[in-house]
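The next block is coords-v9.tsv, given as TSV, C-alpha atoms.
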chain	number	residue	atom	x	y	z
P	3	MET	CA	4.37	111.79	-51.32
P	4	ALA	CA	5.93	115.06	-52.40
P	5	SER	CA	7.51	114.93	-55.83
P	6	LEU	CA	11.21	114.31	-56.01
P	7	PRO	CA	13.41	117.24	-57.13
P	8	LYS	CA	14.96	116.81	-60.54
P	9	ARG	CA	18.44	116.98	-59.12
P	10	ILE	CA	17.84	113.91	-56.95
P	11	ILE	CA	16.33	111.99	-59.85
P	12	LYS	CA	19.37	112.82	-62.00
P	13	GLU	CA	21.86	111.87	-59.33
P	14	THR	CA	20.08	108.59	-58.70
P	15	GLU	CA	20.00	107.72	-62.40
P	16	LYS	CA	23.70	108.41	-62.72
P	17	LEU	CA	24.55	106.33	-59.66
P	18	VAL	CA	22.83	103.38	-61.30
P	19	SER	CA	23.99	103.88	-64.93
P	20	ASP	CA	27.55	104.91	-64.11
P	21	PRO	CA	28.36	103.48	-60.69
P	22	VAL	CA	31.48	104.40	-58.75
P	23	PRO	CA	33.88	101.44	-58.52
P	24	GLY	CA	33.54	99.75	-55.15
P	25	ILE	CA	30.41	101.68	-54.20
P	26	THR	CA	26.71	100.93	-54.63
P	27	ALA	CA	23.80	103.19	-53.72
P	28	GLU	CA	20.18	102.24	-54.26
P	29	PRO	CA	17.11	104.15	-53.17
P	30	HIS	CA	14.43	102.33	-51.17
P	31	ASP	CA	11.23	101.78	-53.14
P	32	ASP	CA	9.07	103.43	-50.50
P	33	ASN	CA	11.37	106.41	-49.89
P	34	LEU	CA	13.41	107.69	-52.80
P	35	ARG	CA	15.44	110.00	-50.56
P	36	TYR	CA	16.66	107.05	-48.50
P	37	PHE	CA	19.52	104.98	-49.95
P	38	GLN	CA	21.00	101.67	-49.09
P	39	VAL	CA	24.74	101.97	-49.64
P	40	THR	CA	27.70	99.62	-49.71
P	41	ILE	CA	31.35	100.63	-49.77
P	42	GLU	CA	34.22	98.24	-50.35
P	43	GLY	CA	37.15	98.69	-48.02
P	44	PRO	CA	40.02	100.32	-49.94
P	45	GLU	CA	43.00	98.14	-50.87
P	46	GLN	CA	45.97	98.28	-48.55
P	47	SER	CA	43.80	99.47	-45.68
P	48	PRO	CA	42.73	97.36	-42.69
P	49	TYR	CA	39.27	97.33	-44.24
P	50	GLU	CA	40.35	95.87	-47.60
P	51	ASP	CA	38.66	92.50	-47.23
P	52	GLY	CA	35.24	93.84	-46.27
P	53	ILE	CA	32.12	95.35	-47.76
P	54	PHE	CA	30.49	97.86	-45.43
P	55	GLU	CA	26.82	98.74	-45.33
P	56	LEU	CA	25.68	102.31	-44.85
P	57	GLU	CA	22.47	104.27	-45.07
P	58	LEU	CA	22.09	107.71	-46.62
P	59	TYR	CA	19.22	110.16	-46.41
P	60	LEU	CA	18.69	113.36	-48.39
P	61	PRO	CA	16.92	115.82	-46.09
P	62	ASP	CA	14.21	118.18	-47.36
P	63	ASP	CA	16.73	120.99	-47.82
P	64	TYR	CA	19.15	118.92	-49.89
P	65	PRO	CA	21.26	120.11	-51.69
P	66	MET	CA	21.38	123.20	-49.46
P	67	GLU	CA	21.89	120.80	-46.57
P	68	ALA	CA	24.34	117.87	-46.66
P	69	PRO	CA	23.13	114.28	-46.97
P	70	LYS	CA	22.97	112.34	-43.73
P	71	VAL	CA	25.08	109.19	-43.76
P	72	ARG	CA	25.70	106.47	-41.21
P	73	PHE	CA	27.51	103.11	-41.12
P	74	LEU	CA	25.28	100.14	-40.40
P	75	THR	CA	28.24	97.78	-40.20
P	76	LYS	CA	30.30	98.00	-37.03
P	77	ILE	CA	33.72	99.42	-37.84
P	78	TYR	CA	36.86	100.23	-35.86
P	79	HIS	CA	37.88	103.67	-37.13
P	80	PRO	CA	38.85	106.86	-35.27
P	81	ASN	CA	36.40	109.03	-37.22
P	82	ILE	CA	33.40	106.70	-36.96
P	83	ASP	CA	31.65	106.23	-33.63
P	84	ARG	CA	29.92	103.25	-32.09
P	85	LEU	CA	26.60	104.23	-33.64
P	86	GLY	CA	28.14	104.47	-37.10
P	87	ARG	CA	28.14	108.27	-37.16
P	88	ILE	CA	30.86	109.74	-39.34
P	89	CYS	CA	33.06	112.73	-38.62
P	90	LEU	CA	33.83	114.17	-42.03
P	91	ASP	CA	34.13	117.84	-43.00
P	92	VAL	CA	32.11	117.57	-46.21
P	93	LEU	CA	29.15	116.22	-44.21
P	94	LYS	CA	29.26	119.23	-41.89
P	95	THR	CA	30.94	122.60	-42.29
P	96	ASN	CA	32.52	121.98	-45.69
P	97	TRP	CA	29.34	120.84	-47.39
P	98	SER	CA	28.54	122.70	-50.60
P	99	PRO	CA	25.58	122.20	-52.95
P	100	ALA	CA	28.14	121.61	-55.70
P	101	LEU	CA	28.95	118.28	-54.03
P	102	GLN	CA	26.84	115.19	-54.67
P	103	ILE	CA	25.93	111.81	-53.23
P	104	ARG	CA	28.72	110.39	-55.38
P	105	THR	CA	31.40	112.75	-54.04
P	106	VAL	CA	30.28	112.20	-50.45
P	107	LEU	CA	30.56	108.44	-50.79
P	108	LEU	CA	33.99	108.79	-52.40
P	109	SER	CA	35.09	110.95	-49.47
P	110	ILE	CA	33.92	108.26	-47.06
P	111	GLN	CA	35.85	105.64	-49.00
P	112	ALA	CA	38.91	107.91	-48.82
P	113	LEU	CA	38.39	108.29	-45.08
P	114	LEU	CA	38.63	104.51	-44.76
P	115	ALA	CA	41.93	104.60	-46.64
P	116	SER	CA	43.34	107.38	-44.47
P	117	PRO	CA	41.91	107.68	-40.97
P	118	ASN	CA	42.49	110.95	-39.20
P	119	PRO	CA	43.01	110.27	-35.48
P	120	ASN	CA	43.73	113.95	-34.81
P	121	ASP	CA	40.11	114.88	-35.49
P	122	PRO	CA	38.41	112.01	-33.77
P	123	LEU	CA	34.78	111.16	-33.19
P	124	ALA	CA	35.47	107.93	-31.36
P	125	ASN	CA	37.95	109.17	-28.77
P	126	ASP	CA	38.97	105.78	-27.41
P	127	VAL	CA	39.68	104.47	-30.90
P	128	ALA	CA	41.67	107.60	-31.84
P	129	GLU	CA	43.77	107.32	-28.70
P	130	ASP	CA	44.52	103.71	-29.52
P	131	TRP	CA	45.38	104.74	-33.08
P	132	ILE	CA	47.86	107.39	-31.95
P	133	LYS	CA	49.50	105.30	-29.22
P	134	ASN	CA	49.70	102.02	-31.05
P	135	GLU	CA	48.95	102.28	-34.74
P	136	VAL	CA	49.99	98.71	-35.54
P	137	GLY	CA	47.72	97.30	-32.83
P	138	ALA	CA	44.82	99.55	-33.80
P	139	LYS	CA	45.08	98.53	-37.43
P	140	ALA	CA	45.15	94.88	-36.44
P	141	LYS	CA	41.97	95.42	-34.46
P	142	ALA	CA	40.35	97.23	-37.41
P	143	ARG	CA	41.24	94.22	-39.58
P	144	GLU	CA	39.77	91.85	-37.00
P	145	TRP	CA	36.50	93.83	-36.80
P	146	THR	CA	36.31	93.87	-40.60
P	147	LYS	CA	36.50	90.08	-40.54
P	148	LEU	CA	33.92	89.85	-37.76
P	149	TYR	CA	31.30	92.34	-38.93
P	150	ALA	CA	31.73	93.29	-42.60
P	151	LYS	CA	30.56	91.22	-45.53
P	152	LYS	CA	33.39	89.38	-47.24
P	153	LYS	CA	34.47	90.61	-50.65
P	154	PRO	CA	33.98	87.96	-53.31
P	155	GLU	CA	37.31	86.53	-54.46
R	3	MET	CA	7.83	117.13	-46.18
R	4	SER	CA	9.66	113.91	-46.87
R	5	LYS	CA	9.75	111.01	-44.48
R	6	VAL	CA	12.84	110.94	-42.28
R	7	PRO	CA	13.81	107.24	-41.96
R	8	ARG	CA	13.72	105.64	-38.51
R	9	ASN	CA	17.46	105.63	-37.85
R	10	PHE	CA	18.06	109.24	-38.81
R	11	ARG	CA	15.02	110.29	-36.81
R	12	LEU	CA	16.40	108.45	-33.76
R	13	LEU	CA	19.82	110.07	-34.26
R	14	GLU	CA	18.10	113.48	-34.22
R	15	GLU	CA	16.27	112.58	-31.04
R	16	LEU	CA	19.49	111.29	-29.50
R	17	GLU	CA	21.29	114.56	-30.22
R	18	LYS	CA	18.41	116.56	-28.82
R	19	GLY	CA	18.20	114.32	-25.77
R	20	GLU	CA	21.91	114.64	-25.10
R	21	LYS	CA	21.61	118.42	-25.08
R	22	GLY	CA	18.66	118.24	-22.70
R	23	PHE	CA	15.36	120.03	-23.17
R	24	GLY	CA	12.85	122.08	-21.25
R	25	PRO	CA	13.23	122.94	-17.59
R	26	GLU	CA	14.78	119.56	-16.78
R	27	SER	CA	11.29	118.07	-16.56
R	28	CYS	CA	12.20	115.03	-18.65
R	29	SER	CA	15.25	113.41	-20.16
R	30	TYR	CA	16.09	110.42	-22.30
R	31	GLY	CA	19.08	108.64	-23.81
R	32	LEU	CA	20.21	105.36	-25.31
R	33	ALA	CA	20.28	102.49	-22.83
R	34	ASP	CA	23.29	100.95	-24.56
R	35	SER	CA	25.55	103.38	-26.42
R	36	ASP	CA	26.89	100.45	-28.48
R	37	ASP	CA	23.50	99.46	-29.86
R	38	ILE	CA	23.65	100.32	-33.55
R	39	THR	CA	19.91	99.53	-33.88
R	40	MET	CA	19.06	102.20	-31.26
R	41	THR	CA	16.17	100.15	-29.91
R	42	LYS	CA	16.37	100.49	-26.13
R	43	TRP	CA	16.23	103.86	-24.41
R	44	ASN	CA	16.04	105.16	-20.85
R	45	GLY	CA	13.84	108.05	-19.86
R	46	THR	CA	13.19	110.05	-16.73
R	47	ILE	CA	10.30	112.25	-15.72
R	48	LEU	CA	10.54	114.74	-12.88
R	49	GLY	CA	7.24	114.65	-11.03
R	50	PRO	CA	5.17	117.78	-11.68
R	51	PRO	CA	4.85	120.35	-8.86
R	52	HIS	CA	1.66	120.63	-6.76
R	53	SER	CA	0.99	116.92	-7.11
R	54	ASN	CA	1.81	113.78	-5.15
R	55	HIS	CA	4.63	113.28	-7.66
R	56	GLU	CA	6.42	116.49	-6.74
R	57	ASN	CA	10.21	116.07	-6.39
R	58	ARG	CA	10.12	112.43	-7.43
R	59	ILE	CA	12.19	111.21	-10.35
R	60	TYR	CA	10.56	108.43	-12.32
R	61	SER	CA	12.67	106.09	-14.49
R	62	LEU	CA	11.21	104.52	-17.59
R	63	SER	CA	12.36	102.24	-20.36
R	64	ILE	CA	11.39	103.02	-23.93
R	65	GLU	CA	11.60	100.53	-26.77
R	66	CYS	CA	11.62	101.89	-30.33
R	67	GLY	CA	10.91	98.94	-32.61
R	68	PRO	CA	11.78	98.61	-36.31
R	69	ASN	CA	8.60	100.46	-37.32
R	70	TYR	CA	9.18	103.50	-35.13
R	71	PRO	CA	8.15	106.32	-35.65
R	72	ASP	CA	5.29	105.00	-37.80
R	73	SER	CA	4.36	102.90	-34.79
R	74	PRO	CA	4.62	104.21	-31.23
R	75	PRO	CA	7.33	102.99	-28.89
R	76	LYS	CA	6.62	100.67	-25.98
R	77	VAL	CA	7.00	102.53	-22.70
R	78	THR	CA	7.36	100.99	-19.26
R	79	PHE	CA	7.75	102.63	-15.90
R	80	ILE	CA	10.63	101.18	-13.91
R	81	SER	CA	9.82	103.30	-10.85
R	82	LYS	CA	6.58	102.29	-9.21
R	83	ILE	CA	3.72	104.68	-9.89
R	84	ASN	CA	-0.03	104.68	-9.41
R	85	LEU	CA	-1.58	106.10	-12.56
R	86	PRO	CA	-4.67	104.84	-14.44
R	87	CYS	CA	-2.77	104.62	-17.77
R	88	VAL	CA	-0.04	102.44	-16.26
R	89	ASN	CA	-0.42	98.69	-15.79
R	90	PRO	CA	-0.29	98.20	-12.00
R	91	THR	CA	1.73	94.98	-12.13
R	92	THR	CA	4.12	95.48	-15.05
R	93	GLY	CA	4.49	99.26	-15.18
R	94	GLU	CA	3.77	99.29	-18.87
R	95	VAL	CA	1.97	102.36	-20.20
R	96	GLN	CA	-1.28	101.01	-21.64
R	97	THR	CA	-1.62	101.24	-25.40
R	98	ASP	CA	-4.91	103.12	-24.95
R	99	PHE	CA	-3.08	106.06	-23.35
R	100	HIS	CA	-4.15	108.92	-25.63
R	101	THR	CA	-0.67	109.73	-26.97
R	102	LEU	CA	-0.03	106.09	-27.90
R	103	ARG	CA	-3.53	105.45	-29.21
R	104	GLY	CA	-3.48	108.57	-31.41
R	105	TRP	CA	0.21	108.20	-32.28
R	106	LYS	CA	1.44	110.38	-35.15
R	107	ARG	CA	4.71	110.12	-37.01
R	108	ALA	CA	5.65	113.63	-35.88
R	109	TYR	CA	5.54	112.56	-32.22
R	110	THR	CA	8.81	111.85	-30.46
R	111	MET	CA	9.96	110.29	-27.22
R	112	GLU	CA	9.92	113.83	-25.87
R	113	THR	CA	6.22	114.22	-26.76
R	114	LEU	CA	5.47	111.03	-24.94
R	115	LEU	CA	7.41	111.83	-21.76
R	116	LEU	CA	5.94	115.34	-21.56
R	117	ASP	CA	2.40	113.96	-22.08
R	118	LEU	CA	2.92	111.40	-19.34
R	119	ARG	CA	4.10	114.19	-17.07
R	120	LYS	CA	0.95	116.17	-17.90
R	121	GLU	CA	-1.09	113.07	-17.15
R	122	MET	CA	0.42	112.95	-13.64
R	123	ALA	CA	-0.72	116.52	-13.04
R	124	THR	CA	-4.38	116.27	-14.15
R	125	PRO	CA	-6.92	117.11	-11.43
R	126	ALA	CA	-8.07	113.48	-11.42
R	127	ASN	CA	-4.56	112.05	-11.01
R	128	LYS	CA	-2.48	114.51	-9.05
R	129	LYS	CA	-3.79	113.48	-5.64
R	130	LEU	CA	-3.71	109.72	-6.25
R	131	ARG	CA	-1.97	107.87	-3.46
R	132	GLN	CA	1.52	106.90	-4.55
R	133	PRO	CA	3.72	103.97	-3.55
R	134	LYS	CA	6.74	104.64	-1.37
R	135	GLU	CA	9.44	106.51	-3.23
R	136	GLY	CA	12.23	104.37	-4.69
R	137	GLU	CA	10.15	101.23	-5.28
R	138	THR	CA	10.32	99.55	-8.67
R	139	PHE	CA	8.00	97.33	-10.73
Full structure transcribed into structure tokens:
Amino acid sequence: MASLPKRIIKETEKLVSDPVPGITAEPHDDNLRYFQVTIEGPEQSPYEDGIFELELYLPDDYPMEAPKVRFLTKIYHPNIDRLGRICLDVLKTNWSPALQIRTVLLSIQALLASPNPNDPLANDVAEDWIKNEVGAKAKAREWTKLYAKKKPE
Amino acid sequence: MSKVPRNFRLLEELEKGEKGFGPESCSYGLADSDDITMTKWNGTILGPPHSNHENRIYSLSIECGPNYPDSPPKVTFISKINLPCVNPTTGEVQTDFHTLRGWKRAYTMETLLLDLRKEMATPANKKLRQPKEGETF
């Protein structure tokens, strides 16, 4: 296996020694560019009672290229599609090598706190969100209960 | 080169498949767009010209298991076809088909579909008698 760039080693060490509250990220033993991630739903959001699983991969060109991130837990959110793909500017056009795994995961957590139905990835969900926000949020809460891991009390 | 994990590899293939490739000779996509495991796929092969397959569209199912792409997918013809590498009763592409037998991590569903199409056009296979069009296994 090709040796791991210093930057990735440093980022990984920091994620473990100084974790972000509500977020975990651990590399797989057999692929140190591939992380198993969990994000706690932010308080006061429809996701607040759940812990969501994600996967993150640092492509060969990282940090010139953004990390690839996907939800593994089903989630009802206008910017996350049925395959768990995320529509987020910092993962696409607004990526900069100055950003890190940590900042990306924080942005995803922030996206859970404030969905943006005007820049949707899941069109049907976004439409629901715009037409009937109360109903959409209730559904997001229901899906959290159904599919996400429960936060320990 | 680092190893792209299964799911991100399949997402790449999905995006490529959605855009379409080549001169419309093959296509593929997820069988169930809700399936977060991305296991079951549909494929089509347009029969190669100057063969008994010309102008036929063959449907296939492709199953990418948890060890894909380290292990090859399982491929089954849905449309009936007479080809030595295809099981005549189930439609399954035999695991000794050269692309499956010599499977490499760099191979994709596209590799497989294009190789099957080439197989249909080999001198030994292109004149094989084919079942009536539209029949399924």
### Message
Tell me which residues come within 7 Å of (22.3, 112.8, -49.2), as a list in words, counting only C-alpha atoms in the file's coordinates.
### Response
Leu58, Tyr59, Leu60, Pro61, Tyr64, Ala68, Pro69, Lys70 and Ile103 of chain P
#### Entry: atom CA of Trp145 of chain P to atom CA of Leu74 of chain P, straight-line distance in Å
13.4 Å
Counting all atoms listed in the file, collect the residues of chain P whose closest atom lies at most 12 Å from chain R, and write them out as a PDB file with C-alpha atoms, in the frame of the given file.
ATOM      1  CA  MET P   3       4.370 111.790 -51.320  1.00  0.00           C
ATOM      2  CA  ALA P   4       5.930 115.060 -52.400  1.00  0.00           C
ATOM      3  CA  SER P   5       7.510 114.930 -55.830  1.00  0.00           C
ATOM      4  CA  LEU P   6      11.210 114.310 -56.010  1.00  0.00           C
ATOM      5  CA  PRO P   7      13.410 117.240 -57.130  1.00  0.00           C
ATOM      6  CA  HIS P  30      14.430 102.330 -51.170  1.00  0.00           C
ATOM      7  CA  ASP P  32       9.070 103.430 -50.500  1.00  0.00           C
ATOM      8  CA  ASN P  33      11.370 106.410 -49.890  1.00  0.00           C
ATOM      9  CA  LEU P  34      13.410 107.690 -52.800  1.00  0.00           C
ATOM     10  CA  ARG P  35      15.440 110.000 -50.560  1.00  0.00           C
ATOM     11  CA  TYR P  36      16.660 107.050 -48.500  1.00  0.00           C
ATOM     12  CA  PHE P  37      19.520 104.980 -49.950  1.00  0.00           C
ATOM     13  CA  GLN P  38      21.000 101.670 -49.090  1.00  0.00           C
ATOM     14  CA  LEU P  56      25.680 102.310 -44.850  1.00  0.00           C
ATOM     15  CA  GLU P  57      22.470 104.270 -45.070  1.00  0.00           C
ATOM     16  CA  LEU P  58      22.090 107.710 -46.620  1.00  0.00           C
ATOM     17  CA  TYR P  59      19.220 110.160 -46.410  1.00  0.00           C
ATOM     18  CA  LEU P  60      18.690 113.360 -48.390  1.00  0.00           C
ATOM     19  CA  PRO P  61      16.920 115.820 -46.090  1.00  0.00           C
ATOM     20  CA  ASP P  62      14.210 118.180 -47.360  1.00  0.00           C
ATOM     21  CA  ASP P  63      16.730 120.990 -47.820  1.00  0.00           C
ATOM     22  CA  TYR P  64      19.150 118.920 -49.890  1.00  0.00           C
ATOM     23  CA  PRO P  69      23.130 114.280 -46.970  1.00  0.00           C
ATOM     24  CA  LYS P  70      22.970 112.340 -43.730  1.00  0.00           C
ATOM     25  CA  VAL P  71      25.080 109.190 -43.760  1.00  0.00           C
ATOM     26  CA  ARG P  72      25.700 106.470 -41.210  1.00  0.00           C
ATOM     27  CA  PHE P  73      27.510 103.110 -41.120  1.00  0.00           C
ATOM     28  CA  LEU P  74      25.280 100.140 -40.400  1.00  0.00           C
ATOM     29  CA  THR P  75      28.240  97.780 -40.200  1.00  0.00           C
ATOM     30  CA  LYS P  76      30.300  98.000 -37.030  1.00  0.00           C
ATOM     31  CA  ILE P  77      33.720  99.420 -37.840  1.00  0.00           C
ATOM     32  CA  ASP P  83      31.650 106.230 -33.630  1.00  0.00           C
ATOM     33  CA  ARG P  84      29.920 103.250 -32.090  1.00  0.00           C
ATOM     34  CA  LEU P  85      26.600 104.230 -33.640  1.00  0.00           C
ATOM     35  CA  GLY P  86      28.140 104.470 -37.100  1.00  0.00           C
ATOM     36  CA  ARG P  87      28.140 108.270 -37.160  1.00  0.00           C
ATOM     37  CA  ALA P 124      35.470 107.930 -31.360  1.00  0.00           C
TER      38      ALA P 124
END
### Query
Which polymer residues have any atom within 10 Å of an atom of Arg104 of chain P, counting only C-alpha atoms, with same-chain residues fewer than 6 positions away left out, as a list of chain:residue names?
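In the requested format, the answer is P:Glu13, P:Thr14, P:Lys16, P:Leu17, P:Pro21, P:Val22, P:Ile25, P:Thr26, P:Ala27.
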### Query
At what distance in Å, to one decimal, does atom CA of Lys139 of chain P lie from atom CA of Pro23 of chain P?
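Computed distance, atom CA of Pro23 of chain P to atom CA of Lys139 of chain P, equals 24.1 Å.
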### Query
Hey, which of R:Ser63, R:Thr101, R:Thr41, R:Asn57 ends up closest to Leu116 of chain R? Count only C-alpha atoms.
R:Thr101
### Message
So the first atom is atom CA of Tyr109 of chain R and the second is atom CA of Glu65 of chain R; what is the distance between them in Å, to one decimal place?
### Response
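Going from atom CA of Tyr109 of chain R over to atom CA of Glu65 of chain R covers 14.5 Å.
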### Message
List the spatial neighbours of Tyr70 of chain R as a list of chain:residue names - criterion: any atom at most 10 Å away, all atoms listed in the file, same-chain residues fewer than 2 positions off excluded.
### Response
R:Pro7, R:Arg8, R:Asn9, R:Arg11, R:Leu12, R:Thr41, R:Glu65, R:Cys66, R:Gly67, R:Pro68, R:Asp72, R:Ser73, R:Pro74, R:Pro75, R:Lys76, R:Arg107, R:Thr110
#### Entry: Proximity to Pro50 of chain R - best of R:Glu17, R:Glu135, R:Asp34, R:Glu121, all atoms listed in the file
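Of R:Glu17, R:Glu135, R:Asp34, R:Glu121, the one nearest Pro50 of chain R, counting all atoms listed in the file, is R:Glu121.
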### Query
With distances taken over all atoms listed in the file, which of R:Ser61, R:Asn54, R:Pro71, R:Val77 is nearest to Ala126 of chain R?
R:Asn54
#### Entry: Given only C-alpha atoms as the counted atoms, nearest of R:Val88, R:His55, R:Gly49, R:Leu62 to Ala33 of chain R
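Closest to Ala33 of chain R, using only C-alpha atoms: R:Leu62.
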### Task
Please provide the set of residues having any atom within 7 Å of Cys87 of chain R, restricted to all atoms listed in the file, with same-chain residues fewer than 2 positions apart removed, written as a ChimeraX atom specification.
/R:85,89,95-96,99
### Query
Counting only C-alpha atoms, what is within 12 Å of Tyr78 of chain P, bar same-chain residues fewer than 4 positions away, as a PyMOL selection string?
chain P and resi 48-49+54+73+82-88+114+117+119+123-128+130-131+137-150
### Task
Might you pull out every residue within 12 Å of Pro86 of chain R, with all atoms listed in the file counted and same-chain residues fewer than 2 positions away left off, and present them as a list in words?
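Listing them by chain and then by number gives Ile83, Asn84, Val88, Asn89, Pro90, Thr91, Gly93, Glu94, Val95, Gln96, Thr97, Asp98, Phe99, His100, Leu118, Glu121, Met122, Thr124, Ala126, Asn127, Lys128, Leu130, Arg131 and Gln132 of chain R.
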